[in-house]
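Student: Quick one: the structure is below, questions incoming.
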Amino acid sequence: MSAVSGQGQVFWEDLAVGDALRGPGVTITDSHLVQWAGLTGDWVSLHLDESYAQEAGFAGRIAHGPLSLSLSLGLLTQTGIFGNVQAWLGLDEVRALAPVFIGDTVHPEARVAAARTTSKPGRGIWTLDYRTVNQRGEAVMTFSSSFMVRRRPGGGAR
């Protein structure tokens, strides 16, 4: 019988360059936009004023770009692969490709772009290339994110 830790038992050695991951989806609601604005102080009218958003050329209010990015990072954690992450190292190459509207369902897809050891034993680095994808299969955002990950005790593969 396996112990359930809630953290997953994926170590650095368990993912290799080219491995693909997919997280669950979430349907964007009015509540997401209002709560994000309140949490971050980002009260830009494109996100909260239907008339303003339409006058700006959109079909309606659009989700905050950082909200879409954060959802992708968060939803991928539900795959269980981040239980041995020791540090989040940052983001690169963030691109908003298309607006996300209330009612859109988005999910993250990621591919391991790089996996390298560090100078300290017991640690490795993963760099994941993310795509945030809507219900039509369109990429609405892309970015790269790196993580320091615990290596498997003894250094062997699973």
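The chains in the structure tokens are called A, B, ... from first to last as shown; in each chain the residues are counted from 1, and the ligands are counted from 1 in the order shown.
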Just asking: which residues within range 1-152 of chain A are helix (DSSP H, G or I) according to DSSP, as a ChimeraX atom specification?

Tutor: /A:12-14,30-40,45-48,50-55,65-77

Student: Can you write just those residues out, N, CA and C atoms, as an mmCIF file, in the first residue's frame?

Tutor:
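Listing of selection.cif after writing:
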data_model
loop_
_atom_site.group_PDB
_atom_site.id
_atom_site.type_symbol
_atom_site.label_atom_id
_atom_site.label_comp_id
_atom_site.auth_asym_id
_atom_site.auth_seq_id
_atom_site.Cartn_x
_atom_site.Cartn_y
_atom_site.Cartn_z
ATOM 1 N N TRP A 12 13.217 15.322 -9.672
ATOM 2 C CA TRP A 12 13.826 15.916 -10.861
ATOM 3 C C TRP A 12 14.058 14.873 -11.955
ATOM 4 N N GLU A 13 14.524 13.690 -11.572
ATOM 5 C CA GLU A 13 14.850 12.643 -12.552
ATOM 6 C C GLU A 13 13.628 12.112 -13.293
ATOM 7 N N ASP A 14 12.438 12.362 -12.785
ATOM 8 C CA ASP A 14 11.228 11.765 -13.343
ATOM 9 C C ASP A 14 10.691 12.484 -14.581
ATOM 10 N N ASP A 30 -17.224 36.057 -13.847
ATOM 11 C CA ASP A 30 -17.175 37.433 -13.369
ATOM 12 C C ASP A 30 -16.445 37.493 -12.027
ATOM 13 N N SER A 31 -16.679 36.514 -11.198
ATOM 14 C CA SER A 31 -16.059 36.472 -9.869
ATOM 15 C C SER A 31 -14.537 36.439 -9.966
ATOM 16 N N HIS A 32 -13.998 35.700 -10.921
ATOM 17 C CA HIS A 32 -12.535 35.673 -11.088
ATOM 18 C C HIS A 32 -12.005 37.086 -11.328
ATOM 19 N N LEU A 33 -12.636 37.830 -12.232
ATOM 20 C CA LEU A 33 -12.159 39.167 -12.570
ATOM 21 C C LEU A 33 -12.279 40.121 -11.387
ATOM 22 N N VAL A 34 -13.417 40.099 -10.711
ATOM 23 C CA VAL A 34 -13.633 41.009 -9.586
ATOM 24 C C VAL A 34 -12.693 40.665 -8.428
ATOM 25 N N GLN A 35 -12.554 39.378 -8.126
ATOM 26 C CA GLN A 35 -11.673 38.996 -7.026
ATOM 27 C C GLN A 35 -10.211 39.304 -7.339
ATOM 28 N N TRP A 36 -9.799 39.075 -8.587
ATOM 29 C CA TRP A 36 -8.414 39.385 -8.962
ATOM 30 C C TRP A 36 -8.149 40.880 -8.834
ATOM 31 N N ALA A 37 -9.103 41.690 -9.307
ATOM 32 C CA ALA A 37 -8.947 43.148 -9.196
ATOM 33 C C ALA A 37 -8.823 43.561 -7.736
ATOM 34 N N GLY A 38 -9.671 42.994 -6.881
ATOM 35 C CA GLY A 38 -9.613 43.334 -5.466
ATOM 36 C C GLY A 38 -8.339 42.862 -4.797
ATOM 37 N N LEU A 39 -7.873 41.676 -5.158
ATOM 38 C CA LEU A 39 -6.664 41.112 -4.570
ATOM 39 C C LEU A 39 -5.423 41.908 -4.964
ATOM 40 N N THR A 40 -5.362 42.319 -6.233
ATOM 41 C CA THR A 40 -4.142 42.935 -6.760
ATOM 42 C C THR A 40 -4.200 44.448 -6.863
ATOM 43 N N SER A 45 -10.412 49.293 -16.379
ATOM 44 C CA SER A 45 -11.777 49.211 -16.911
ATOM 45 C C SER A 45 -11.977 48.083 -17.920
ATOM 46 N N LEU A 46 -10.953 47.670 -18.648
ATOM 47 C CA LEU A 46 -11.100 46.563 -19.598
ATOM 48 C C LEU A 46 -11.607 45.296 -18.918
ATOM 49 N N HIS A 47 -11.334 45.172 -17.638
ATOM 50 C CA HIS A 47 -11.679 43.971 -16.899
ATOM 51 C C HIS A 47 -13.004 44.076 -16.139
ATOM 52 N N LEU A 48 -13.444 45.305 -15.885
ATOM 53 C CA LEU A 48 -14.562 45.495 -14.966
ATOM 54 C C LEU A 48 -15.725 46.312 -15.531
ATOM 55 N N GLU A 50 -18.111 46.675 -18.779
ATOM 56 C CA GLU A 50 -18.551 46.069 -20.040
ATOM 57 C C GLU A 50 -18.564 47.084 -21.182
ATOM 58 N N SER A 51 -19.122 48.264 -20.936
ATOM 59 C CA SER A 51 -19.210 49.289 -21.985
ATOM 60 C C SER A 51 -17.825 49.731 -22.433
ATOM 61 N N TYR A 52 -16.942 49.958 -21.478
ATOM 62 C CA TYR A 52 -15.580 50.375 -21.808
ATOM 63 C C TYR A 52 -14.888 49.321 -22.664
ATOM 64 N N ALA A 53 -15.007 48.056 -22.264
ATOM 65 C CA ALA A 53 -14.358 46.976 -23.013
ATOM 66 C C ALA A 53 -14.892 46.902 -24.440
ATOM 67 N N GLN A 54 -16.184 47.065 -24.603
ATOM 68 C CA GLN A 54 -16.777 47.033 -25.949
ATOM 69 C C GLN A 54 -16.326 48.235 -26.772
ATOM 70 N N GLU A 55 -16.265 49.411 -26.154
ATOM 71 C CA GLU A 55 -15.778 50.608 -26.855
ATOM 72 C C GLU A 55 -14.318 50.452 -27.272
ATOM 73 N N GLY A 65 -4.330 39.729 -17.762
ATOM 74 C CA GLY A 65 -3.259 38.843 -18.241
ATOM 75 C C GLY A 65 -2.587 38.083 -17.112
ATOM 76 N N PRO A 66 -2.194 38.778 -16.014
ATOM 77 C CA PRO A 66 -1.571 38.045 -14.911
ATOM 78 C C PRO A 66 -2.496 37.012 -14.259
ATOM 79 N N LEU A 67 -3.811 37.214 -14.338
ATOM 80 C CA LEU A 67 -4.753 36.206 -13.842
ATOM 81 C C LEU A 67 -4.634 34.939 -14.680
ATOM 82 N N SER A 68 -4.612 35.091 -16.004
ATOM 83 C CA SER A 68 -4.477 33.921 -16.884
ATOM 84 C C SER A 68 -3.167 33.183 -16.620
ATOM 85 N N LEU A 69 -2.096 33.942 -16.440
ATOM 86 C CA LEU A 69 -0.794 33.345 -16.152
ATOM 87 C C LEU A 69 -0.831 32.587 -14.825
ATOM 88 N N SER A 70 -1.368 33.219 -13.799
ATOM 89 C CA SER A 70 -1.420 32.590 -12.477
ATOM 90 C C SER A 70 -2.287 31.337 -12.485
ATOM 91 N N LEU A 71 -3.388 31.374 -13.214
ATOM 92 C CA LEU A 71 -4.226 30.182 -13.300
ATOM 93 C C LEU A 71 -3.461 29.031 -13.945
ATOM 94 N N SER A 72 -2.678 29.314 -14.987
ATOM 95 C CA SER A 72 -1.893 28.255 -15.623
ATOM 96 C C SER A 72 -0.889 27.655 -14.654
ATOM 97 N N LEU A 73 -0.187 28.500 -13.926
ATOM 98 C CA LEU A 73 0.765 27.997 -12.935
ATOM 99 C C LEU A 73 0.041 27.166 -11.886
ATOM 100 N N GLY A 74 -1.069 27.679 -11.372
ATOM 101 C CA GLY A 74 -1.801 26.991 -10.317
ATOM 102 C C GLY A 74 -2.451 25.703 -10.771
ATOM 103 N N LEU A 75 -3.079 25.728 -11.952
ATOM 104 C CA LEU A 75 -3.758 24.523 -12.427
ATOM 105 C C LEU A 75 -2.774 23.392 -12.706
ATOM 106 N N LEU A 76 -1.548 23.720 -13.157
ATOM 107 C CA LEU A 76 -0.574 22.656 -13.404
ATOM 108 C C LEU A 76 -0.126 21.997 -12.103
ATOM 109 N N THR A 77 -0.221 22.717 -10.982
ATOM 110 C CA THR A 77 0.151 22.086 -9.701
ATOM 111 C C THR A 77 -0.778 20.926 -9.380
#

Student: Within 8 Å of range 127-141 of chain A, which residues of range 65-106 of chain A show up? Give each one with its shortest atom-to-atom distance in Å (one decimal) and the two atoms involved, counting only C-alpha atoms, rows by chain then rising residue number, as CSV.

Tutor:
residue,atom,partner,partner_atom,distance
A:Ser68,CA,A:Thr132,CA,7.5
A:Leu69,CA,A:Met141,CA,7.4
A:Ser72,CA,A:Thr132,CA,6.2
A:Val94,CA,A:Met141,CA,7.4
A:Arg95,CA,A:Met141,CA,5.6
A:Ala96,CA,A:Met141,CA,4.5
A:Leu97,CA,A:Val140,CA,4.8
A:Ala98,CA,A:Val140,CA,4.6
A:Pro99,CA,A:Val140,CA,6.6
A:Val100,CA,A:Val140,CA,7.0
A:Asp104,CA,A:Asn134,CA,6.4
A:Thr105,CA,A:Gln135,CA,5.3
A:Val106,CA,A:Asn134,CA,4.3

Student: Take the selection from the previous step and output its residues with all heavy atoms, as a PDB file, in the first residue's frame.

Tutor:
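part.pdb was written with the following content:
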ATOM      1  N   SER A  68      -4.612  35.091 -16.004  1.00  0.00           N
ATOM      2  CA  SER A  68      -4.477  33.921 -16.884  1.00  0.00           C
ATOM      3  C   SER A  68      -3.167  33.183 -16.620  1.00  0.00           C
ATOM      4  O   SER A  68      -3.135  31.953 -16.554  1.00  0.00           O
ATOM      5  CB  SER A  68      -4.538  34.358 -18.347  1.00  0.00           C
ATOM      6  OG  SER A  68      -5.783  34.943 -18.641  1.00  0.00           O
ATOM      7  N   LEU A  69      -2.096  33.942 -16.440  1.00  0.00           N
ATOM      8  CA  LEU A  69      -0.794  33.345 -16.152  1.00  0.00           C
ATOM      9  C   LEU A  69      -0.831  32.587 -14.825  1.00  0.00           C
ATOM     10  O   LEU A  69      -0.409  31.432 -14.743  1.00  0.00           O
ATOM     11  CB  LEU A  69       0.265  34.451 -16.113  1.00  0.00           C
ATOM     12  CG  LEU A  69       1.698  33.993 -15.956  1.00  0.00           C
ATOM     13  CD1 LEU A  69       2.620  34.933 -16.712  1.00  0.00           C
ATOM     14  CD2 LEU A  69       2.109  33.932 -14.515  1.00  0.00           C
ATOM     15  N   SER A  72      -2.678  29.314 -14.987  1.00  0.00           N
ATOM     16  CA  SER A  72      -1.893  28.255 -15.623  1.00  0.00           C
ATOM     17  C   SER A  72      -0.889  27.655 -14.654  1.00  0.00           C
ATOM     18  O   SER A  72      -0.753  26.431 -14.565  1.00  0.00           O
ATOM     19  CB  SER A  72      -1.175  28.776 -16.864  1.00  0.00           C
ATOM     20  OG  SER A  72      -2.065  28.854 -17.932  1.00  0.00           O
ATOM     21  N   VAL A  94       7.001  35.978 -21.402  1.00  0.00           N
ATOM     22  CA  VAL A  94       5.544  36.016 -21.241  1.00  0.00           C
ATOM     23  C   VAL A  94       4.930  36.756 -22.429  1.00  0.00           C
ATOM     24  O   VAL A  94       5.329  37.873 -22.743  1.00  0.00           O
ATOM     25  CB  VAL A  94       5.147  36.717 -19.929  1.00  0.00           C
ATOM     26  CG1 VAL A  94       3.630  36.780 -19.796  1.00  0.00           C
ATOM     27  CG2 VAL A  94       5.778  36.014 -18.731  1.00  0.00           C
ATOM     28  N   ARG A  95       3.968  36.107 -23.084  1.00  0.00           N
ATOM     29  CA  ARG A  95       3.277  36.709 -24.222  1.00  0.00           C
ATOM     30  C   ARG A  95       1.787  36.463 -24.106  1.00  0.00           C
ATOM     31  O   ARG A  95       1.352  35.319 -23.984  1.00  0.00           O
ATOM     32  CB  ARG A  95       3.769  36.126 -25.561  1.00  0.00           C
ATOM     33  CG  ARG A  95       5.226  36.403 -25.861  1.00  0.00           C
ATOM     34  CD  ARG A  95       5.455  37.893 -26.156  1.00  0.00           C
ATOM     35  NE  ARG A  95       6.838  38.196 -26.355  1.00  0.00           N
ATOM     36  CZ  ARG A  95       7.672  38.649 -25.425  1.00  0.00           C
ATOM     37  NH1 ARG A  95       7.239  38.819 -24.198  1.00  0.00           N
ATOM     38  NH2 ARG A  95       8.918  38.918 -25.696  1.00  0.00           N
ATOM     39  N   ALA A  96       1.008  37.537 -24.128  1.00  0.00           N
ATOM     40  CA  ALA A  96      -0.451  37.436 -24.190  1.00  0.00           C
ATOM     41  C   ALA A  96      -0.820  37.418 -25.669  1.00  0.00           C
ATOM     42  O   ALA A  96      -0.574  38.384 -26.390  1.00  0.00           O
ATOM     43  CB  ALA A  96      -1.089  38.617 -23.475  1.00  0.00           C
ATOM     44  N   LEU A  97      -1.381  36.320 -26.132  1.00  0.00           N
ATOM     45  CA  LEU A  97      -1.642  36.121 -27.561  1.00  0.00           C
ATOM     46  C   LEU A  97      -3.071  36.448 -27.970  1.00  0.00           C
ATOM     47  O   LEU A  97      -3.317  36.800 -29.124  1.00  0.00           O
ATOM     48  CB  LEU A  97      -1.324  34.675 -27.942  1.00  0.00           C
ATOM     49  CG  LEU A  97       0.081  34.191 -27.590  1.00  0.00           C
ATOM     50  CD1 LEU A  97       0.225  32.714 -27.917  1.00  0.00           C
ATOM     51  CD2 LEU A  97       1.136  35.021 -28.311  1.00  0.00           C
ATOM     52  N   ALA A  98      -4.013  36.286 -27.054  1.00  0.00           N
ATOM     53  CA  ALA A  98      -5.427  36.527 -27.354  1.00  0.00           C
ATOM     54  C   ALA A  98      -6.154  36.805 -26.049  1.00  0.00           C
ATOM     55  O   ALA A  98      -5.737  36.344 -24.995  1.00  0.00           O
ATOM     56  CB  ALA A  98      -6.036  35.309 -28.058  1.00  0.00           C
ATOM     57  N   PRO A  99      -7.252  37.565 -26.112  1.00  0.00           N
ATOM     58  CA  PRO A  99      -7.994  37.850 -24.884  1.00  0.00           C
ATOM     59  C   PRO A  99      -8.709  36.620 -24.351  1.00  0.00           C
ATOM     60  O   PRO A  99      -9.069  35.706 -25.093  1.00  0.00           O
ATOM     61  CB  PRO A  99      -9.001  38.917 -25.324  1.00  0.00           C
ATOM     62  CG  PRO A  99      -9.159  38.733 -26.785  1.00  0.00           C
ATOM     63  CD  PRO A  99      -7.840  38.205 -27.295  1.00  0.00           C
ATOM     64  N   VAL A 100      -8.897  36.603 -23.040  1.00  0.00           N
ATOM     65  CA  VAL A 100      -9.681  35.581 -22.358  1.00  0.00           C
ATOM     66  C   VAL A 100     -10.935  36.276 -21.835  1.00  0.00           C
ATOM     67  O   VAL A 100     -10.844  37.268 -21.111  1.00  0.00           O
ATOM     68  CB  VAL A 100      -8.891  34.941 -21.196  1.00  0.00           C
ATOM     69  CG1 VAL A 100      -9.764  33.989 -20.405  1.00  0.00           C
ATOM     70  CG2 VAL A 100      -7.649  34.231 -21.729  1.00  0.00           C
ATOM     71  N   ASP A 104     -14.973  31.721 -21.106  1.00  0.00           N
ATOM     72  CA  ASP A 104     -13.930  30.887 -21.713  1.00  0.00           C
ATOM     73  C   ASP A 104     -13.438  29.864 -20.682  1.00  0.00           C
ATOM     74  O   ASP A 104     -13.371  30.161 -19.481  1.00  0.00           O
ATOM     75  CB  ASP A 104     -12.732  31.728 -22.159  1.00  0.00           C
ATOM     76  CG  ASP A 104     -12.947  32.438 -23.480  1.00  0.00           C
ATOM     77  OD1 ASP A 104     -13.970  32.181 -24.157  1.00  0.00           O
ATOM     78  OD2 ASP A 104     -12.088  33.273 -23.841  1.00  0.00           O
ATOM     79  N   THR A 105     -13.092  28.684 -21.154  1.00  0.00           N
ATOM     80  CA  THR A 105     -12.482  27.664 -20.306  1.00  0.00           C
ATOM     81  C   THR A 105     -11.034  27.513 -20.744  1.00  0.00           C
ATOM     82  O   THR A 105     -10.765  27.253 -21.914  1.00  0.00           O
ATOM     83  CB  THR A 105     -13.232  26.321 -20.434  1.00  0.00           C
ATOM     84  OG1 THR A 105     -14.584  26.519 -20.015  1.00  0.00           O
ATOM     85  CG2 THR A 105     -12.581  25.251 -19.578  1.00  0.00           C
ATOM     86  N   VAL A 106     -10.122  27.705 -19.813  1.00  0.00           N
ATOM     87  CA  VAL A 106      -8.692  27.620 -20.123  1.00  0.00           C
ATOM     88  C   VAL A 106      -8.059  26.488 -19.327  1.00  0.00           C
ATOM     89  O   VAL A 106      -8.525  26.128 -18.245  1.00  0.00           O
ATOM     90  CB  VAL A 106      -7.963  28.952 -19.834  1.00  0.00           C
ATOM     91  CG1 VAL A 106      -8.476  30.064 -20.743  1.00  0.00           C
ATOM     92  CG2 VAL A 106      -8.074  29.357 -18.378  1.00  0.00           C
TER      93      VAL A 106
END

Student: I want to know what sits within 9 Å of Gly122 in chain A, based on only C-alpha atoms, with residues of the same chain fewer than 3 positions away left out; could you give that as JSON, numbers by chain?

Tutor: {"A": [117, 118, 149, 150, 151, 152, 153, 154, 155]}

Student: Rank A:Gly25, A:Pro108, A:Pro121, A:Gly103 by their smallest atom-to-atom distance to Gly60 in chain A, using only C-alpha atoms, and report the top residue only.

Tutor: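 Closest candidate: A:Gly103.
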
Student: If you count only C-alpha atoms, which residues fall within 7 Å of Arg116 in chain A, apart from same-chain ones fewer than 2 positions away, as a JSON list (two decimals) with N, CA and C atoms, in the first residue's frame?

Tutor:
[["chain", "number", "residue", "atom", "x", "y", "z"],
["A", 114, "ALA", "N", 13.96, 22.28, -20.60],
["A", 114, "ALA", "CA", 15.32, 22.04, -20.12],
["A", 114, "ALA", "C", 15.25, 21.35, -18.76],
["A", 118, "THR", "N", 22.32, 20.98, -10.73],
["A", 118, "THR", "CA", 22.93, 22.19, -10.20],
["A", 118, "THR", "C", 24.27, 21.83, -9.57],
["A", 124, "GLY", "N", 18.00, 19.81, -8.90],
["A", 124, "GLY", "CA", 18.02, 19.99, -10.34],
["A", 124, "GLY", "C", 17.10, 21.14, -10.71],
["A", 125, "ILE", "N", 17.17, 21.56, -11.94],
["A", 125, "ILE", "CA", 16.33, 22.65, -12.44],
["A", 125, "ILE", "C", 15.50, 22.14, -13.60],
["A", 126, "TRP", "N", 14.21, 22.41, -13.56],
["A", 126, "TRP", "CA", 13.32, 22.20, -14.70],
["A", 126, "TRP", "C", 12.95, 23.57, -15.26]]

Student: So which one's closest to Glu109 in chain A, A:Asp42, A:Thr29, A:Thr142, A:Gly57? Using only C-alpha atoms, please.

Tutor: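 Of A:Asp42, A:Thr29, A:Thr142, A:Gly57, the one nearest Glu109 in chain A is A:Thr142, counting only C-alpha atoms.
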